[in-house]
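Quick look at structure-v1.pdb (PDB, C-alpha atoms and all ligand atoms):
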```pdb
ATOM      1  CA  MET A  30      -3.952   7.075  18.973
ATOM      2  CA  ALA A  31      -0.865   4.897  18.579
ATOM      3  CA  ALA A  32      -1.694   3.294  21.889
ATOM      4  CA  GLU A  33      -5.353   2.904  20.883
ATOM      5  CA  LEU A  34      -4.421   1.135  17.675
ATOM      6  CA  GLU A  35      -2.007  -1.124  19.467
ATOM      7  CA  THR A  36      -4.530  -1.956  22.158
ATOM      8  CA  SER A  37      -7.256  -2.626  19.655
ATOM      9  CA  ALA A  38      -4.995  -4.881  17.586
ATOM     10  CA  VAL A  39      -3.929  -6.841  20.645
ATOM     11  CA  GLY A  40      -7.604  -7.205  21.594
ATOM     12  CA  ALA A  41      -8.437  -8.420  18.129
ATOM     13  CA  ILE A  42      -5.875 -11.204  17.980
ATOM     14  CA  GLN A  43      -6.720 -12.704  21.347
ATOM     15  CA  GLU A  44      -8.033 -16.255  21.388
ATOM     16  CA  PRO A  45     -11.714 -16.733  22.348
ATOM     17  CA  SER A  46     -11.926 -16.420  26.126
ATOM     18  CA  ALA A  47     -12.544 -19.351  28.481
ATOM     19  CA  ASP A  48     -16.192 -18.365  29.033
ATOM     20  CA  GLY A  49     -16.795 -19.015  25.349
ATOM     21  CA  THR A  50     -17.180 -15.406  24.190
ATOM     22  CA  GLU A  51     -15.733 -14.885  20.734
ATOM     23  CA  ALA A  52     -12.697 -12.660  20.214
ATOM     24  CA  LYS A  53     -13.722  -9.567  18.276
ATOM     25  CA  GLY A  54     -13.353  -9.837  14.533
ATOM     26  CA  PRO A  55     -10.938  -7.800  12.418
ATOM     27  CA  HIS A  56     -10.843  -4.084  13.196
ATOM     28  CA  LYS A  57     -11.786  -2.163  10.060
ATOM     29  CA  LEU A  58      -9.930   1.014   9.188
ATOM     30  CA  GLU A  59     -11.685   4.146   7.889
ATOM     31  CA  ARG A  60     -10.255   3.532   4.448
ATOM     32  CA  LYS A  61      -8.046   1.218   2.412
ATOM     33  CA  TRP A  62      -4.282   1.748   2.275
ATOM     34  CA  THR A  63      -1.648   0.314  -0.073
ATOM     35  CA  PHE A  64       2.010  -0.440   0.610
ATOM     36  CA  TRP A  65       4.406   0.110  -2.287
ATOM     37  CA  PHE A  66       8.063  -0.792  -2.742
ATOM     38  CA  ASP A  67      10.650   0.701  -5.074
ATOM     39  CA  ASN A  68      13.968  -1.065  -5.263
ATOM     40  CA  GLN A  69      16.474   1.049  -7.173
ATOM     41  CA  SER A  70      19.451  -0.666  -5.564
ATOM     42  CA  LYS A  71      20.323  -2.451  -8.824
ATOM     43  CA  PRO A  72      19.086  -0.045 -11.486
ATOM     44  CA  LYS A  73      18.790  -1.333 -15.035
ATOM     45  CA  GLN A  74      20.636   0.882 -17.438
ATOM     46  CA  GLY A  75      18.365   3.379 -19.130
ATOM     47  CA  ALA A  76      15.354   2.342 -17.043
ATOM     48  CA  ALA A  77      12.840   5.146 -16.596
ATOM     49  CA  TRP A  78      12.026   6.442 -13.118
ATOM     50  CA  GLY A  79       9.264   4.328 -11.611
ATOM     51  CA  SER A  80      10.013   1.171 -13.583
ATOM     52  CA  SER A  81      10.916  -0.642 -10.360
ATOM     53  CA  LEU A  82       7.985   0.789  -8.358
ATOM     54  CA  ARG A  83       5.607  -1.979  -7.221
ATOM     55  CA  ASN A  84       2.210  -1.922  -5.601
ATOM     56  CA  VAL A  85       2.667  -4.621  -2.962
ATOM     57  CA  TYR A  86      -0.318  -5.011  -0.652
ATOM     58  CA  THR A  87      -3.672  -3.359   0.027
ATOM     59  CA  PHE A  88      -5.318  -3.695   3.429
ATOM     60  CA  ASP A  89      -8.150  -2.269   5.492
ATOM     61  CA  THR A  90      -7.846  -3.832   8.934
ATOM     62  CA  VAL A  91      -5.638  -3.153  11.944
ATOM     63  CA  GLU A  92      -4.609  -6.805  12.062
ATOM     64  CA  GLU A  93      -3.371  -6.879   8.452
ATOM     65  CA  PHE A  94      -1.460  -3.679   9.113
ATOM     66  CA  TRP A  95       0.445  -5.151  12.060
ATOM     67  CA  SER A  96       1.356  -8.363  10.311
ATOM     68  CA  LEU A  97       2.529  -6.477   7.203
ATOM     69  CA  TYR A  98       4.515  -4.018   9.272
ATOM     70  CA  ASP A  99       6.108  -6.676  11.471
ATOM     71  CA  GLN A 100       7.014  -9.018   8.648
ATOM     72  CA  VAL A 101       7.993  -6.655   5.865
ATOM     73  CA  PHE A 102       7.571  -2.921   5.948
ATOM     74  CA  LYS A 103      10.295  -1.757   8.291
ATOM     75  CA  PRO A 104      12.731   0.652   6.626
ATOM     76  CA  SER A 105      15.629  -1.015   8.461
ATOM     77  CA  ASN A 106      14.918  -4.038   6.192
ATOM     78  CA  LEU A 107      15.597  -1.973   3.065
ATOM     79  CA  PRO A 108      18.828  -1.961   1.039
ATOM     80  CA  ALA A 109      20.318   1.416   0.089
ATOM     81  CA  ASN A 110      18.434   3.175  -2.708
ATOM     82  CA  ALA A 111      15.099   1.573  -1.948
ATOM     83  CA  ASP A 112      11.827   3.111  -0.770
ATOM     84  CA  PHE A 113       8.694   1.999   1.060
ATOM     85  CA  HIS A 114       5.453   3.911   0.537
ATOM     86  CA  LEU A 115       2.112   3.823   2.254
ATOM     87  CA  PHE A 116      -0.507   5.594   0.144
ATOM     88  CA  LYS A 117      -4.271   5.791   0.140
ATOM     89  CA  THR A 118      -5.518   3.034  -2.137
ATOM     90  CA  GLY A 119      -6.138   4.473  -5.584
ATOM     91  CA  ILE A 120      -3.372   7.091  -5.380
ATOM     92  CA  GLU A 121      -0.039   6.153  -6.965
ATOM     93  CA  PRO A 122       3.123   7.543  -5.331
ATOM     94  CA  LYS A 123       4.033   9.535  -8.434
ATOM     95  CA  TRP A 124       3.848  13.210  -9.398
ATOM     96  CA  GLU A 125       1.865  12.025 -12.412
ATOM     97  CA  ASP A 126      -1.041  10.721 -10.317
ATOM     98  CA  PRO A 127      -3.953  13.193 -10.665
ATOM     99  CA  GLU A 128      -4.287  13.453  -6.868
ATOM    100  CA  CYS A 129      -0.584  14.256  -6.481
ATOM    101  CA  ALA A 130      -0.094  16.390  -9.594
ATOM    102  CA  ASN A 131      -0.741  19.732  -7.845
ATOM    103  CA  GLY A 132       0.755  18.564  -4.596
ATOM    104  CA  GLY A 133       4.036  18.464  -2.803
ATOM    105  CA  LYS A 134       5.750  16.935   0.172
ATOM    106  CA  TRP A 135       7.009  17.713   3.639
ATOM    107  CA  SER A 136      10.375  16.035   4.053
ATOM    108  CA  PHE A 137      13.524  15.818   6.115
ATOM    109  CA  THR A 138      16.607  13.648   6.386
ATOM    110  CA  VAL A 139      17.169  11.109   9.135
ATOM    111  CA  SER A 140      20.652  10.163  10.219
ATOM    112  CA  ARG A 141      19.991   7.069  12.334
ATOM    113  CA  LYS A 142      18.190   3.920  11.190
ATOM    114  CA  PRO A 143      16.295   3.195  14.435
ATOM    115  CA  GLN A 144      14.961   6.749  14.286
ATOM    116  CA  LEU A 145      13.679   6.176  10.747
ATOM    117  CA  ASP A 146      11.824   2.990  11.791
ATOM    118  CA  THR A 147      10.223   4.736  14.750
ATOM    119  CA  MET A 148       9.139   7.855  12.872
ATOM    120  CA  TRP A 149       7.852   5.777   9.953
ATOM    121  CA  LEU A 150       5.751   3.630  12.307
ATOM    122  CA  GLU A 151       4.395   6.669  14.174
ATOM    123  CA  THR A 152       3.415   8.203  10.832
ATOM    124  CA  LEU A 153       1.764   5.011   9.564
ATOM    125  CA  MET A 154      -0.307   4.718  12.723
ATOM    126  CA  ALA A 155      -1.349   8.365  12.530
ATOM    127  CA  LEU A 156      -2.422   7.930   8.901
ATOM    128  CA  ILE A 157      -4.415   4.728   9.252
ATOM    129  CA  GLY A 158      -5.834   6.006  12.553
ATOM    130  CA  GLU A 159      -6.964   9.207  10.734
ATOM    131  CA  GLN A 160      -5.155  11.428  13.199
ATOM    132  CA  PHE A 161      -4.687  14.368  10.813
ATOM    133  CA  GLU A 162      -7.581  16.843  10.798
ATOM    134  CA  GLU A 163      -6.823  17.560   7.153
ATOM    135  CA  GLY A 164      -6.641  13.848   6.360
ATOM    136  CA  GLU A 165      -8.360  14.349   3.004
ATOM    137  CA  GLU A 166      -5.338  16.447   1.932
ATOM    138  CA  ILE A 167      -2.871  13.627   2.489
ATOM    139  CA  CYS A 168      -1.742  11.209  -0.230
ATOM    140  CA  GLY A 169       0.739   9.074   1.695
ATOM    141  CA  VAL A 170       4.210   8.747   3.158
ATOM    142  CA  VAL A 171       7.557   7.587   1.734
ATOM    143  CA  ALA A 172      10.598   6.209   3.583
ATOM    144  CA  SER A 173      13.767   6.354   1.482
ATOM    145  CA  VAL A 174      16.988   4.592   2.400
ATOM    146  CA  ARG A 175      20.053   6.184   0.819
ATOM    147  CA  GLN A 176      23.830   5.717   1.117
ATOM    148  CA  ARG A 177      24.379   8.822   3.187
ATOM    149  CA  GLN A 178      21.135   9.865   4.854
ATOM    150  CA  ASP A 179      17.690   8.367   4.903
ATOM    151  CA  LYS A 180      14.559  10.434   4.251
ATOM    152  CA  LEU A 181      10.956  10.598   5.250
ATOM    153  CA  ALA A 182       8.380  12.481   3.153
ATOM    154  CA  LEU A 183       4.669  13.132   3.623
ATOM    155  CA  TRP A 184       2.889  13.772   0.320
ATOM    156  CA  THR A 185      -0.126  16.087   0.195
ATOM    157  CA  LYS A 186      -2.511  17.241  -2.528
ATOM    158  CA  THR A 187      -2.824  21.023  -2.722
ATOM    159  CA  ALA A 188       0.644  22.532  -2.600
ATOM    160  CA  SER A 189      -0.640  26.096  -3.128
ATOM    161  CA  ASN A 190      -2.656  26.027   0.116
ATOM    162  CA  GLU A 191       0.011  27.188   2.536
ATOM    163  CA  ALA A 192      -2.286  27.294   5.578
ATOM    164  CA  VAL A 193      -3.351  23.664   5.184
ATOM    165  CA  GLN A 194       0.152  22.441   4.437
ATOM    166  CA  THR A 195       1.609  24.311   7.385
ATOM    167  CA  SER A 196      -0.982  22.841   9.695
ATOM    168  CA  ILE A 197      -0.235  19.308   8.413
ATOM    169  CA  GLY A 198       3.511  19.891   8.768
ATOM    170  CA  ARG A 199       3.158  21.054  12.373
ATOM    171  CA  LYS A 200       0.914  18.123  13.262
ATOM    172  CA  TRP A 201       3.316  15.661  11.646
ATOM    173  CA  LYS A 202       6.249  17.000  13.682
ATOM    174  CA  GLU A 203       4.193  16.608  16.840
ATOM    175  CA  ILE A 204       3.292  13.014  15.933
ATOM    176  CA  ILE A 205       6.868  11.966  15.255
ATOM    177  CA  ASP A 206       8.271  14.127  18.035
ATOM    178  CA  TYR A 207      10.636  15.969  15.694
ATOM    179  CA  ASN A 208      12.029  19.378  16.644
ATOM    180  CA  ASP A 209      14.162  20.446  13.706
ATOM    181  CA  LYS A 210      12.942  22.285  10.635
ATOM    182  CA  ILE A 211      11.058  20.397   7.935
ATOM    183  CA  VAL A 212      10.612  21.713   4.416
ATOM    184  CA  TYR A 213       7.697  21.620   1.982
ATOM    185  CA  SER A 214       8.512  21.364  -1.704
ATOM    186  CA  PHE A 215       6.142  21.446  -4.689
ATOM    187  CA  HIS A 216       6.259  18.443  -7.046
ATOM    188  CA  ASP A 217       5.883  20.939  -9.835
ATOM    189  CA  ASP A 218       9.199  22.607  -8.926
ATOM    190  CA  ALA A 219      10.939  19.230  -8.752
ATOM    191  CA  ARG A 220       9.467  18.248 -12.120
ATOM    192  CA  ARG A 221      10.578  21.476 -13.767
ATOM    193  CA  GLU A 222      13.853  21.549 -11.867
ATOM    194  CA  LYS A 223      13.058  25.083 -10.755
ATOM    195  CA  SER A 224      15.512  26.851  -8.511
ATOM    196  CA  ASN A 225      13.099  26.732  -5.560
ATOM    197  CA  ARG A 226      13.113  22.921  -5.576
ATOM    198  CA  GLY A 227      14.637  23.263  -2.158
ATOM    199  CA  GLY A 228      11.296  24.151  -0.623
ATOM    200  CA  ARG A 229       8.580  26.784  -0.421
ATOM    201  CA  TYR A 230       7.382  26.486   3.194
ATOM    202  CA  ASN A 231       8.962  25.333   6.392
ATOM    203  CA  VAL A 232       7.800  24.690   9.918
TER     204      VAL A 232
HETATM  205  P1  LIG B   1      13.279  12.449  -5.546
HETATM  206  O1  LIG B   1      13.468  11.091  -4.984
HETATM  207  O2  LIG B   1      11.980  13.091  -5.320
HETATM  208  O3  LIG B   1      14.403  13.460  -5.137
HETATM  209  O4  LIG B   1      13.558  12.401  -7.084
HETATM  210  P2  LIG B   1      15.583  13.385  -4.147
HETATM  211  O5  LIG B   1      15.029  13.001  -2.823
HETATM  212  O6  LIG B   1      16.257  14.673  -4.289
HETATM  213  O7  LIG B   1      16.529  12.276  -4.754
HETATM  214  P3  LIG B   1      16.899  10.757  -4.433
HETATM  215  O8  LIG B   1      17.791  10.374  -5.582
HETATM  216  O9  LIG B   1      17.576  10.706  -3.128
HETATM  217  O10 LIG B   1      15.617   9.953  -4.453
HETATM  218  C1  LIG B   1      14.783  12.065  -7.685
HETATM  219  C2  LIG B   1      14.554  11.994  -9.175
HETATM  220  O11 LIG B   1      13.720  10.867  -9.456
HETATM  221  C3  LIG B   1      13.796  13.185  -9.758
HETATM  222  O12 LIG B   1      14.622  14.237 -10.124
HETATM  223  C4  LIG B   1      13.113  12.551 -10.947
HETATM  224  O13 LIG B   1      14.011  12.423 -12.014
HETATM  225  C5  LIG B   1      12.757  11.176 -10.436
HETATM  226  N1  LIG B   1      11.417  11.149  -9.827
HETATM  227  C6  LIG B   1      11.125  11.143  -8.515
HETATM  228  N2  LIG B   1       9.786  11.094  -8.328
HETATM  229  C7  LIG B   1       9.116  11.053  -7.045
HETATM  230  C8  LIG B   1       9.205  11.064  -9.557
HETATM  231  C9  LIG B   1       7.862  10.986  -9.994
HETATM  232  O14 LIG B   1       6.891  10.943  -9.223
HETATM  233  N3  LIG B   1       7.670  10.969 -11.332
HETATM  234  C10 LIG B   1       8.724  11.021 -12.222
HETATM  235  N4  LIG B   1       8.460  11.013 -13.519
HETATM  236  N5  LIG B   1       9.998  11.081 -11.837
HETATM  237  C11 LIG B   1      10.257  11.102 -10.511
END
```
Translate this structure into structure tokens?
Amino acid sequence: MAAELETSAVGAIQEPSADGTEAKGPHKLERKWTFWFDNQSKPKQGAAWGSSLRNVYTFDTVEEFWSLYDQVFKPSNLPANADFHLFKTGIEPKWEDPECANGGKWSFTVSRKPQLDTMWLETLMALIGEQFEEGEEICGVVASVRQRQDKLALWTKTASNEAVQTSIGRKWKEIIDYNDKIVYSFHDDARREKSNRGGRYNV
């Protein structure tokens, strides 16, 4: 799929050919996606969580995706304590969003920056290319740059459905070619600071 998206984007940006045939127009995605940015690198004192979270750009073509990715949305461009998000348009990357409220996230830490860029891009392409069978269950993905270790998290809707979450987790690992354990935590546990914040499922 990654290759298909790349090929189709390259096809789309080609100039009209010498025989006068038009280059194909923009390649529409199945749905709209929104990039978000949260810069907590210079937190204002007393600012509530989310006060620096910004909805940056909504797109629905392969061409827009590539120009946004190339010019802006690479995690290696982020300062420490900042996040990029790609979420389905209409879903906010917050526990409070009704689509996320009963959800959770698969996540893991990443120790090397180039690895974070690569796995982020592979995930973005899988999402916009609708590569997950349970795509309706997915809210979006978050790349977090931190002082010590960076993080990648895939947010989904129905935390209680272990079978669906496990299937998504396995597929995600395949897509990003990741062999270590990843952990699924419920937003509800994080919100209530329950002892099992650490995770309920793993694959
Ligand atoms: P986190 O980023 O999910 O946890 O939340 P992590 O990865 O352990 O920590 P980090 O500091 O490396 O980012 C960290 C804290 O941010 C939580 O304990 C909450 O106080 C707040 N927070 C995070 N999220 C995603 C939300 C949210 O969606 N809503 C609200 N209200 N607070 C949040």
* Residues within 10 Å of ligand LIG 1 (chain B) (all atoms listed in the file), as an MDAnalysis selection string? -> chainID A and resid 69 77:80 110:112 121:126 129:130 133:134 136:138 171 173:182 214 216 219:222 226:227
* Among the residues A:Leu58, A:Ile211, A:Ser81, A:Pro143, the one that comes closest to Ala155 of chain A [using all atoms listed in the file] -> A:Leu58
Which residues, written as an mmCIF file with C-alpha atoms, in the frame of the given file, have at least one atom at most 10 Å from Ser105 of chain A, with all atoms listed in the file counted and residues fewer than 3 positions away on the same chain left out?
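Heads up, here's the output in selection.cif:
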```cif
data_model
loop_
_atom_site.group_PDB
_atom_site.id
_atom_site.type_symbol
_atom_site.label_atom_id
_atom_site.label_comp_id
_atom_site.auth_asym_id
_atom_site.auth_seq_id
_atom_site.Cartn_x
_atom_site.Cartn_y
_atom_site.Cartn_z
ATOM 1 C CA VAL A 101 7.993 -6.655 5.865
ATOM 2 C CA PHE A 102 7.571 -2.921 5.948
ATOM 3 C CA PRO A 108 18.828 -1.961 1.039
ATOM 4 C CA ALA A 109 20.318 1.416 0.089
ATOM 5 C CA ARG A 141 19.991 7.069 12.334
ATOM 6 C CA LYS A 142 18.190 3.920 11.190
ATOM 7 C CA PRO A 143 16.295 3.195 14.435
ATOM 8 C CA GLN A 144 14.961 6.749 14.286
ATOM 9 C CA LEU A 145 13.679 6.176 10.747
ATOM 10 C CA ASP A 146 11.824 2.990 11.791
ATOM 11 C CA VAL A 174 16.988 4.592 2.400
#
```
* So how far away is atom CA of Glu163 of chain A from atom CA of Thr118 of chain A, in Å? ->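 Distance between the two atoms: 17.3 Å.
Taking atom CA of Asp218 of chain A as the reference point, atom CA of Lys71 of chain A is found at 27.4 Å.
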* Structure fact -> As a check of understanding: the span from atom CA of Trp135 of chain A to atom CA of Glu151 of chain A is 15.5 Å
* Asked: Quick one: which residues end up in the PyMOL selection byres (((chain A and resi 114) around 10) and not hetatm) for this structure, as a list in words?
  ->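 When the PyMOL selection byres (((chain A and resi 114) around 10) and not hetatm) is applied to the shown file, the picked residues are Thr63, Phe64, Trp65, Phe66, Asp67, Leu82, Arg83, Asn84, Val85, Phe102, Asp112, Phe113, Leu115, Phe116, Lys117, Glu121, Pro122, Trp149, Leu153, Gly169, Val170, Val171, Ala172, Ser173, Leu181, Ala182 and Leu183 of chain A.
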Report as a JSON list (two decimals) with C-alpha atoms, in the coordinates of the input the full result of the PyMOL selection byres (((chain A and resi 59) around 10) and not hetatm) when it is applied to this structure.
```json
[["chain", "number", "residue", "atom", "x", "y", "z"],
["A", 56, "HIS", "CA", -10.84, -4.08, 13.20],
["A", 57, "LYS", "CA", -11.79, -2.16, 10.06],
["A", 58, "LEU", "CA", -9.93, 1.01, 9.19],
["A", 60, "ARG", "CA", -10.26, 3.53, 4.45],
["A", 61, "LYS", "CA", -8.05, 1.22, 2.41],
["A", 62, "TRP", "CA", -4.28, 1.75, 2.28],
["A", 89, "ASP", "CA", -8.15, -2.27, 5.49],
["A", 90, "THR", "CA", -7.85, -3.83, 8.93],
["A", 157, "ILE", "CA", -4.42, 4.73, 9.25],
["A", 158, "GLY", "CA", -5.83, 6.01, 12.55],
["A", 159, "GLU", "CA", -6.96, 9.21, 10.73]]
```
* Asked: Could you spell out the hits of the PyMOL selection byres (((chain A and resi 166) around 10) and not hetatm) on the shown file, as a PyMOL selection string?
  -> chain A and resi 128-129+132+161-165+167-169+184-188+193-194+197
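Using only C-alpha atoms, the nearest neighbour of Phe88 of chain A within the list A:Val139, A:Pro55, A:Phe215, A:Ser196 is A:Pro55.
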* To do: Choose the residue, out of A:Lys73, A:Asn190, A:Lys103, A:Tyr98, that has the smallest atom-to-atom separation from Tyr86 of chain A; count all atoms listed in the file.
  => A:Tyr98
Give the padded box for segment 92-98 of chain A as AutoDock Vina command-line options: axis-aligned, covering all atoms listed in the file, 4 Å on each side, centre and edge lengths in Å to one decimal.
```
--center_x 0.0 --center_y -6.0 --center_z 9.6 --size_x 17.1 --size_y 12.7 --size_z 12.9
```
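Proximity of A:Met148, A:Leu97, A:Val91, A:Leu107 to Ile204 of chain A, computed with only C-alpha atoms, is greatest for A:Met148.
Counting all atoms listed in the file and comparing A:Gln160, A:Asn231, A:Asn68, A:Ser189, the residue that lies closest to Asn106 of chain A is A:Asn68.
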Rebuild all heavy atoms on segment 93-103 of chain A, as an mmCIF file, in the frame of the given file?
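Wrote it out as result.cif, contents follow:
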```cif
data_model
loop_
_atom_site.group_PDB
_atom_site.id
_atom_site.type_symbol
_atom_site.label_atom_id
_atom_site.label_comp_id
_atom_site.auth_asym_id
_atom_site.auth_seq_id
_atom_site.Cartn_x
_atom_site.Cartn_y
_atom_site.Cartn_z
ATOM 1 N N GLU A 93 -4.215 -6.752 9.645
ATOM 2 C CA GLU A 93 -3.371 -6.879 8.452
ATOM 3 C C GLU A 93 -2.203 -5.899 8.535
ATOM 4 O O GLU A 93 -1.070 -6.220 8.178
ATOM 5 C CB GLU A 93 -4.174 -6.545 7.190
ATOM 6 C CG GLU A 93 -5.128 -7.614 6.735
ATOM 7 C CD GLU A 93 -6.001 -7.065 5.607
ATOM 8 O OE1 GLU A 93 -6.847 -6.176 5.895
ATOM 9 O OE2 GLU A 93 -5.831 -7.504 4.467
ATOM 10 N N PHE A 94 -2.517 -4.688 9.000
ATOM 11 C CA PHE A 94 -1.460 -3.679 9.113
ATOM 12 C C PHE A 94 -0.312 -4.190 9.965
ATOM 13 O O PHE A 94 0.843 -4.138 9.560
ATOM 14 C CB PHE A 94 -2.007 -2.365 9.693
ATOM 15 C CG PHE A 94 -0.914 -1.437 10.122
ATOM 16 C CD1 PHE A 94 -0.144 -0.796 9.168
ATOM 17 C CD2 PHE A 94 -0.611 -1.254 11.468
ATOM 18 C CE1 PHE A 94 0.909 0.035 9.546
ATOM 19 C CE2 PHE A 94 0.434 -0.433 11.852
ATOM 20 C CZ PHE A 94 1.193 0.208 10.891
ATOM 21 N N TRP A 95 -0.642 -4.718 11.168
ATOM 22 C CA TRP A 95 0.445 -5.151 12.060
ATOM 23 C C TRP A 95 1.239 -6.308 11.474
ATOM 24 O O TRP A 95 2.454 -6.349 11.587
ATOM 25 C CB TRP A 95 -0.104 -5.537 13.442
ATOM 26 C CG TRP A 95 -0.384 -4.317 14.261
ATOM 27 C CD1 TRP A 95 -1.587 -3.917 14.733
ATOM 28 C CD2 TRP A 95 0.566 -3.314 14.672
ATOM 29 N NE1 TRP A 95 -1.446 -2.725 15.413
ATOM 30 C CE2 TRP A 95 -0.159 -2.341 15.387
ATOM 31 C CE3 TRP A 95 1.934 -3.142 14.497
ATOM 32 C CZ2 TRP A 95 0.454 -1.209 15.937
ATOM 33 C CZ3 TRP A 95 2.543 -2.015 15.042
ATOM 34 C CH2 TRP A 95 1.811 -1.069 15.757
ATOM 35 N N SER A 96 0.563 -7.242 10.814
ATOM 36 C CA SER A 96 1.356 -8.363 10.311
ATOM 37 C C SER A 96 2.228 -7.900 9.137
ATOM 38 O O SER A 96 3.374 -8.319 9.018
ATOM 39 C CB SER A 96 0.487 -9.575 9.994
ATOM 40 O OG SER A 96 -0.210 -9.357 8.816
ATOM 41 N N LEU A 97 1.711 -6.982 8.309
ATOM 42 C CA LEU A 97 2.529 -6.477 7.203
ATOM 43 C C LEU A 97 3.717 -5.685 7.736
ATOM 44 O O LEU A 97 4.847 -5.833 7.275
ATOM 45 C CB LEU A 97 1.688 -5.559 6.304
ATOM 46 C CG LEU A 97 0.628 -6.278 5.478
ATOM 47 C CD1 LEU A 97 -0.370 -5.276 4.925
ATOM 48 C CD2 LEU A 97 1.303 -7.032 4.341
ATOM 49 N N TYR A 98 3.437 -4.840 8.724
ATOM 50 C CA TYR A 98 4.515 -4.018 9.272
ATOM 51 C C TYR A 98 5.586 -4.898 9.909
ATOM 52 O O TYR A 98 6.766 -4.761 9.620
ATOM 53 C CB TYR A 98 3.967 -3.001 10.294
ATOM 54 C CG TYR A 98 5.093 -2.269 10.952
ATOM 55 C CD1 TYR A 98 5.748 -1.240 10.269
ATOM 56 C CD2 TYR A 98 5.575 -2.657 12.197
ATOM 57 C CE1 TYR A 98 6.849 -0.608 10.829
ATOM 58 C CE2 TYR A 98 6.670 -2.026 12.756
ATOM 59 C CZ TYR A 98 7.301 -1.009 12.072
ATOM 60 O OH TYR A 98 8.388 -0.390 12.618
ATOM 61 N N ASP A 99 5.144 -5.835 10.748
ATOM 62 C CA ASP A 99 6.108 -6.676 11.471
ATOM 63 C C ASP A 99 6.951 -7.519 10.534
ATOM 64 O O ASP A 99 8.136 -7.703 10.744
ATOM 65 C CB ASP A 99 5.363 -7.625 12.426
ATOM 66 C CG ASP A 99 4.984 -6.910 13.705
ATOM 67 O OD1 ASP A 99 5.588 -5.869 14.008
ATOM 68 O OD2 ASP A 99 4.063 -7.393 14.394
ATOM 69 N N GLN A 100 6.297 -8.067 9.489
ATOM 70 C CA GLN A 100 7.014 -9.018 8.648
ATOM 71 C C GLN A 100 7.804 -8.371 7.523
ATOM 72 O O GLN A 100 8.776 -8.938 7.051
ATOM 73 C CB GLN A 100 6.029 -10.031 8.065
ATOM 74 C CG GLN A 100 5.524 -10.992 9.134
ATOM 75 C CD GLN A 100 4.345 -11.811 8.656
ATOM 76 O OE1 GLN A 100 4.293 -12.175 7.498
ATOM 77 N NE2 GLN A 100 3.392 -12.064 9.531
ATOM 78 N N VAL A 101 7.352 -7.208 7.064
ATOM 79 C CA VAL A 101 7.993 -6.655 5.865
ATOM 80 C C VAL A 101 8.375 -5.184 5.969
ATOM 81 O O VAL A 101 9.543 -4.821 5.762
ATOM 82 C CB VAL A 101 7.055 -6.799 4.632
ATOM 83 C CG1 VAL A 101 7.788 -6.387 3.364
ATOM 84 C CG2 VAL A 101 6.490 -8.193 4.511
ATOM 85 N N PHE A 102 7.407 -4.341 6.265
ATOM 86 C CA PHE A 102 7.571 -2.921 5.948
ATOM 87 C C PHE A 102 8.268 -2.088 7.017
ATOM 88 O O PHE A 102 7.751 -1.075 7.477
ATOM 89 C CB PHE A 102 6.212 -2.323 5.560
ATOM 90 C CG PHE A 102 5.686 -2.926 4.296
ATOM 91 C CD1 PHE A 102 4.762 -3.953 4.327
ATOM 92 C CD2 PHE A 102 6.156 -2.505 3.059
ATOM 93 C CE1 PHE A 102 4.295 -4.531 3.156
ATOM 94 C CE2 PHE A 102 5.704 -3.080 1.884
ATOM 95 C CZ PHE A 102 4.768 -4.102 1.935
ATOM 96 N N LYS A 103 9.452 -2.551 7.402
ATOM 97 C CA LYS A 103 10.295 -1.757 8.291
ATOM 98 C C LYS A 103 11.441 -1.217 7.456
ATOM 99 O O LYS A 103 12.165 -1.988 6.826
ATOM 100 C CB LYS A 103 10.878 -2.637 9.392
ATOM 101 C CG LYS A 103 9.870 -2.976 10.458
ATOM 102 C CD LYS A 103 10.520 -3.694 11.619
ATOM 103 C CE LYS A 103 9.453 -4.102 12.591
ATOM 104 N NZ LYS A 103 9.727 -5.338 13.279
#
```
